[in-house]
Every structure is written in C-alpha cells, then in structure tokens.
Amino acid sequence: MATEQVGISDNIVSATIAESRDKPNKKHVLARLRDWQARVHALYDAVQKTLGSDYAYDRSGNQESAEDMVQRVRLDPAKVPKLDILRIEQDGKAVATFVPRGLWIIGANGRVDVIITPRSGGRRLFMLIDHSLPLSSESDWRIVRPSDQLHQPPFLPERFGELLE
Amino acid sequence: MSDPITLTDLSGTYRRVSSRIYRILEDGYDFAVGHLIIDTLNLDALIVDAAFFVLIFGQLEQRVNDLAMRCFDGDNRSRQAMRGAKFEKRLEVALPGLRYKVLRKEVSQWYDIRSDAAHGERFAYGYNVATVFERAFELDELVRRQSGDASSDGV
C-alpha cells in the first residue's frame, strides 16, 4: 500500500513560496505577466460593465512591472506587457482609480489598489487581491479594507457602485 | 513567566497594527501632493508584513523544535545536540519518512523565505498575510497531528 503523504495542497501560499524558490526563467515570467495583464483587464471590463454609461472611463495611463522577478530574468522592458490604470469619472471628476500594485506576492496572485473618492467626501483605499493559483484559468478576486486586512471576502463587481456613494 | 505567544495572538496584533498603517496611507492618498509619502508608507506596510511572516514562521519552527526534542526524551545529550542542529535536521527528526516528505519540503521552503526577510535582504515579494496566517494554522495542525502520531507510536 502506498504511504499517504501529508501536506499536499493546492494552496496559494504553498504555490507562491515554491515558485519563489525555483530558478526563474524568461518564458515563465513572461507567461505570468501576460496572465496578469489578462486578469487585470478582465477585472476592469467587469467593473465597467456593471457601472455602465453613467460613468466615463479612461484607461490611457499604464504601468509596466519592474518587479524583482522581471529584473532577475533580465526581461527586455519592451517585452513586458503593459497594464492599464483604470480611472473612473463622473461629471468630469475622478471617483475611482485602479492601480496594479504587484504580481509576485507570497500568498496571492497579484494585487490591485483602488483609490476611491466617494460622493460623501474624503478618500478611501481598498485592495483587490487575487487568491487564484498562478496561471490557473480563473481569478478569485477578494476585496480588502485596510481596517481589517485579515478579512478578505469575494469582490463582487456588481456591488462596486455602492463604494462610490 | 508570561504565556508563550500563539498564532492567534499574532493574528490579533497584525489586524490592529496593519489597520493603523493603512489608515495613515489612506490619509496620505488624501493629502499627498507627491508620491514620496505613499512610497514610504507602502514600504512601512511591506516591512511590517515581512516581520509578521518571520514571527508566524517562528511559531511553526517552535512546533517543529518541540517535536524533534520529544524524540529524545530522557537523553539529555541528544536533546542538547538537537537543540543546536540545523533547522533541516530538526525538521527531518520531527517529520520523518516518506509520509511527511511533502510537508517537510513546504516547511523548509517557508524557512528559506523567512531567512531572506529575517536577514534584511531586499524584499523580492509582497506578502498577503491573511492567506499566510490561514496556511500557517493548517500547517500547525498538520504538525500537531504528527505530534499525536508520534505519541501513539510510543516516541
């Protein structure tokens, strides 16, 4: 009888720690960056779809990763996929900005910061953290409020409008 | 002597400390005219996250140490030698054989990452401390179970 192995898991922490110990190669890093770009842009598309035409969207700003992993494999900057920065406006005023913060995180498959200027005033910061496994087919976005980072409920794009109130 | 710190203590502290940093960061976004304050506060948050990663791993390491030492109950010389042994050795004794090969590998990889952060190397990664805590509780439970197995095996 085979010995039962203890500890096998499809866990995001285990997966990202294991990845960090492997020697990186350009092909893998590029695949991760392309996947990151696709996931972030799909997230923006979902938010825009749910908010609809009451808002204006500006995705002309962009950002490219200069993370340690990209530098370690000496990836040509021209080959690094650029990520949009999403700016949402209403009546000519910015009400929310989505800024990709980083892909290589122990315990996550990337983070996007969301800075919101609600109608009630002030500014609020939220983090969207993807709990999916690296290069898995589907994202698992969670919304994190800075007041309780250990609570990471699913992010529902259809409820994003409530944060802008 | 005060009670030892637990993973649960650490998670409560992390919740309180990180919320303070991010409230300041939120204010930074409100008032900052440049990015310097934002970058500084983000670095603060990263350092706190890395420090908690080290502390969380410390709890796992302590569990591994206890288990390794228990294998030499009554043999003070061997216990002494085990106390000074490298972590890999203590891990091998605490989680022996093929059954624990995967768990050993995972804990060992945590140790490598923890060493990078503890020795002040440049942080190549961010940390999502919430999922790190979740996994640490799971690993702690797996190691605890081995502790039960070892007892029932007469170790």
# chains A, B, ... in the order shown; residues from 1 in each chain; ligands from 1
>>> closest_atom_pairs(of="chain A", to="chain B", cutoff="9 Å", atoms="only C-alpha atoms", output="CSV")
residue,atom,partner,partner_atom,distance
A:Thr3,CA,B:Arg99,CA,5.8
A:Glu4,CA,B:Arg99,CA,5.8
A:Gln5,CA,B:Arg99,CA,4.6
A:Val6,CA,B:Tyr100,CA,5.3
A:Gly7,CA,B:Leu103,CA,4.5
A:Ile8,CA,B:Val102,CA,6.3
A:Asn11,CA,B:Arg135,CA,7.7
A:Ile12,CA,B:Thr131,CA,7.6
A:Val13,CA,B:Val132,CA,6.1
A:Ser14,CA,B:Glu106,CA,6.7
A:Ile17,CA,B:Gln109,CA,6.6
A:Ala18,CA,B:Gln109,CA,6.7
A:Ser20,CA,B:Ile113,CA,8.2
A:Arg21,CA,B:Gln109,CA,7.1
A:Glu67,CA,B:Ala124,CA,7.4
A:Asp68,CA,B:Ala124,CA,5.3
A:Met69,CA,B:Ala124,CA,7.4
A:Gly102,CA,B:Gly126,CA,7.8
A:Leu103,CA,B:Tyr125,CA,8.6
A:Trp104,CA,B:Tyr125,CA,5.6
A:Ile105,CA,B:Gly126,CA,4.4
A:Ile106,CA,B:Tyr127,CA,4.6
A:Gly107,CA,B:Asn128,CA,5.0
A:Ala108,CA,B:Asn128,CA,6.0
A:Ile115,CA,B:Tyr29,CA,7.8
A:Thr117,CA,B:Asp30,CA,9.0
A:Gly122,CA,B:Asp30,CA,6.6
A:Arg123,CA,B:Asp30,CA,5.5
A:Arg124,CA,B:Glu26,CA,5.9
A:Leu125,CA,B:Glu26,CA,5.7
A:Ile129,CA,B:Asn128,CA,8.3
A:His131,CA,B:Thr131,CA,8.4
A:Arg145,CA,B:Ser19,CA,8.6
A:Pro146,CA,B:Tyr22,CA,5.3
A:Ser147,CA,B:Ser19,CA,4.3
A:Asp148,CA,B:Arg15,CA,5.8
A:Gln149,CA,B:Arg15,CA,6.5
A:Leu150,CA,B:Ala130,CA,4.5
A:His151,CA,B:Ala130,CA,7.3
A:Gln152,CA,B:Ala130,CA,7.6
>>> select_by_dssp(residues="chain B", states="alpha helix (DSSP H)", output="NGL selection string")
:B and (7-31 or 36-70 or 76-83 or 87-94 or 101-118 or 129-152)
>>> write_last_selection(atoms="C-alpha atoms", output="mmCIF file, in the first residue's frame")
data_model
loop_
_atom_site.group_PDB
_atom_site.id
_atom_site.type_symbol
_atom_site.label_atom_id
_atom_site.label_comp_id
_atom_site.auth_asym_id
_atom_site.auth_seq_id
_atom_site.Cartn_x
_atom_site.Cartn_y
_atom_site.Cartn_z
ATOM 1 C CA LEU B 7 -0.564 32.252 16.145
ATOM 2 C CA THR B 8 -3.919 33.591 17.372
ATOM 3 C CA ASP B 9 -2.152 36.322 19.389
ATOM 4 C CA LEU B 10 -0.133 37.246 16.316
ATOM 5 C CA SER B 11 -3.199 37.476 14.057
ATOM 6 C CA GLY B 12 -4.913 39.857 16.507
ATOM 7 C CA THR B 13 -1.829 42.049 16.688
ATOM 8 C CA TYR B 14 -1.418 42.054 12.920
ATOM 9 C CA ARG B 15 -5.036 43.134 12.446
ATOM 10 C CA ARG B 16 -4.542 46.112 14.764
ATOM 11 C CA VAL B 17 -1.098 47.178 13.536
ATOM 12 C CA SER B 18 -1.828 46.893 9.808
ATOM 13 C CA SER B 19 -5.110 48.790 10.118
ATOM 14 C CA ARG B 20 -3.223 51.734 11.641
ATOM 15 C CA ILE B 21 -0.660 51.804 8.841
ATOM 16 C CA TYR B 22 -3.316 51.667 6.144
ATOM 17 C CA ARG B 23 -5.376 54.402 7.785
ATOM 18 C CA ILE B 24 -2.324 56.641 7.558
ATOM 19 C CA LEU B 25 -1.824 55.516 3.961
ATOM 20 C CA GLU B 26 -5.423 56.440 3.206
ATOM 21 C CA ASP B 27 -4.790 59.899 4.657
ATOM 22 C CA GLY B 28 -1.622 60.012 2.547
ATOM 23 C CA TYR B 29 -3.699 59.480 -0.601
ATOM 24 C CA ASP B 30 -5.975 62.256 0.593
ATOM 25 C CA PHE B 31 -3.295 64.857 1.149
ATOM 26 C CA LEU B 36 7.106 60.095 -1.595
ATOM 27 C CA ILE B 37 4.778 59.713 1.370
ATOM 28 C CA ILE B 38 2.805 56.959 -0.376
ATOM 29 C CA ASP B 39 6.007 55.064 -1.256
ATOM 30 C CA THR B 40 7.293 55.440 2.306
ATOM 31 C CA LEU B 41 4.048 54.191 3.826
ATOM 32 C CA ASN B 42 3.900 51.283 1.386
ATOM 33 C CA LEU B 43 7.428 50.342 2.453
ATOM 34 C CA ASP B 44 6.320 50.555 6.098
ATOM 35 C CA ALA B 45 3.485 48.165 5.319
ATOM 36 C CA LEU B 46 5.831 45.777 3.487
ATOM 37 C CA ILE B 47 8.311 45.724 6.374
ATOM 38 C CA VAL B 48 5.526 45.030 8.889
ATOM 39 C CA ASP B 49 4.187 42.222 6.662
ATOM 40 C CA ALA B 50 7.680 40.700 6.351
ATOM 41 C CA ALA B 51 8.194 40.951 10.114
ATOM 42 C CA PHE B 52 4.931 39.138 10.730
ATOM 43 C CA PHE B 53 5.932 36.463 8.222
ATOM 44 C CA VAL B 54 9.067 35.874 10.316
ATOM 45 C CA LEU B 55 7.014 35.784 13.546
ATOM 46 C CA ILE B 56 4.452 33.414 12.039
ATOM 47 C CA PHE B 57 7.189 31.074 10.881
ATOM 48 C CA GLY B 58 8.695 31.268 14.380
ATOM 49 C CA GLN B 59 5.533 29.590 15.691
ATOM 50 C CA LEU B 60 5.912 26.741 13.208
ATOM 51 C CA GLU B 61 9.600 26.435 13.987
ATOM 52 C CA GLN B 62 8.824 26.174 17.694
ATOM 53 C CA ARG B 63 6.329 23.378 16.995
ATOM 54 C CA VAL B 64 8.973 21.530 14.936
ATOM 55 C CA ASN B 65 11.575 22.016 17.683
ATOM 56 C CA ASP B 66 9.255 20.662 20.395
ATOM 57 C CA LEU B 67 8.507 17.632 18.280
ATOM 58 C CA ALA B 68 12.166 16.967 17.475
ATOM 59 C CA MET B 69 13.165 17.273 21.137
ATOM 60 C CA ARG B 70 10.431 14.905 22.227
ATOM 61 C CA ASN B 76 19.824 14.994 27.561
ATOM 62 C CA ARG B 77 22.953 14.781 25.429
ATOM 63 C CA SER B 78 20.988 14.061 22.254
ATOM 64 C CA ARG B 79 18.453 16.741 23.144
ATOM 65 C CA GLN B 80 21.302 19.220 23.535
ATOM 66 C CA ALA B 81 22.737 18.211 20.175
ATOM 67 C CA MET B 82 19.319 18.505 18.553
ATOM 68 C CA ARG B 83 18.827 21.982 20.001
ATOM 69 C CA PHE B 87 16.756 23.505 11.018
ATOM 70 C CA GLU B 88 16.737 20.893 8.208
ATOM 71 C CA LYS B 89 17.987 18.276 10.646
ATOM 72 C CA ARG B 90 15.420 19.182 13.302
ATOM 73 C CA LEU B 91 12.735 19.049 10.619
ATOM 74 C CA GLU B 92 13.850 15.601 9.477
ATOM 75 C CA VAL B 93 13.643 14.281 13.024
ATOM 76 C CA ALA B 94 10.294 15.945 13.740
ATOM 77 C CA LYS B 101 8.135 14.389 2.660
ATOM 78 C CA VAL B 102 5.783 16.972 1.120
ATOM 79 C CA LEU B 103 5.081 18.711 4.421
ATOM 80 C CA ARG B 104 8.823 18.784 5.181
ATOM 81 C CA LYS B 105 9.511 20.364 1.813
ATOM 82 C CA GLU B 106 6.879 23.052 2.328
ATOM 83 C CA VAL B 107 8.048 23.952 5.832
ATOM 84 C CA SER B 108 11.622 24.010 4.573
ATOM 85 C CA GLN B 109 10.666 26.457 1.801
ATOM 86 C CA TRP B 110 8.977 28.695 4.379
ATOM 87 C CA TYR B 111 12.236 28.617 6.310
ATOM 88 C CA ASP B 112 14.174 29.841 3.250
ATOM 89 C CA ILE B 113 11.788 32.744 2.699
ATOM 90 C CA ARG B 114 11.812 33.587 6.379
ATOM 91 C CA SER B 115 15.610 33.701 6.310
ATOM 92 C CA ASP B 116 15.600 36.170 3.409
ATOM 93 C CA ALA B 117 13.289 38.502 5.325
ATOM 94 C CA ALA B 118 14.937 37.988 8.716
ATOM 95 C CA VAL B 129 -0.509 37.974 5.472
ATOM 96 C CA ALA B 130 -4.168 36.858 5.601
ATOM 97 C CA THR B 131 -3.547 33.733 3.482
ATOM 98 C CA VAL B 132 -0.168 33.210 5.173
ATOM 99 C CA PHE B 133 -1.975 33.008 8.544
ATOM 100 C CA GLU B 134 -4.570 30.607 7.125
ATOM 101 C CA ARG B 135 -1.867 28.280 5.801
ATOM 102 C CA ALA B 136 0.192 28.597 8.990
ATOM 103 C CA PHE B 137 -2.801 27.435 11.061
ATOM 104 C CA GLU B 138 -3.226 24.468 8.677
ATOM 105 C CA LEU B 139 0.471 23.562 8.836
ATOM 106 C CA ASP B 140 0.446 23.952 12.595
ATOM 107 C CA GLU B 141 -2.442 21.495 12.758
ATOM 108 C CA LEU B 142 -0.623 19.019 10.486
ATOM 109 C CA VAL B 143 2.493 19.196 12.654
ATOM 110 C CA ARG B 144 0.353 18.860 15.794
ATOM 111 C CA ARG B 145 -1.177 15.712 14.296
ATOM 112 C CA GLN B 146 2.298 14.255 13.769
ATOM 113 C CA SER B 147 2.850 15.023 17.428
ATOM 114 C CA GLY B 148 -0.170 12.805 18.190
ATOM 115 C CA ASP B 149 1.077 10.104 15.797
ATOM 116 C CA ALA B 150 4.483 10.157 17.473
ATOM 117 C CA SER B 151 2.861 9.715 20.901
ATOM 118 C CA SER B 152 0.746 6.792 19.784
#
>>> closest_residue(among="A:Leu30, A:Val112, A:Val95, A:Val47", to="A:Val73", atoms="only C-alpha atoms")
A:Leu30
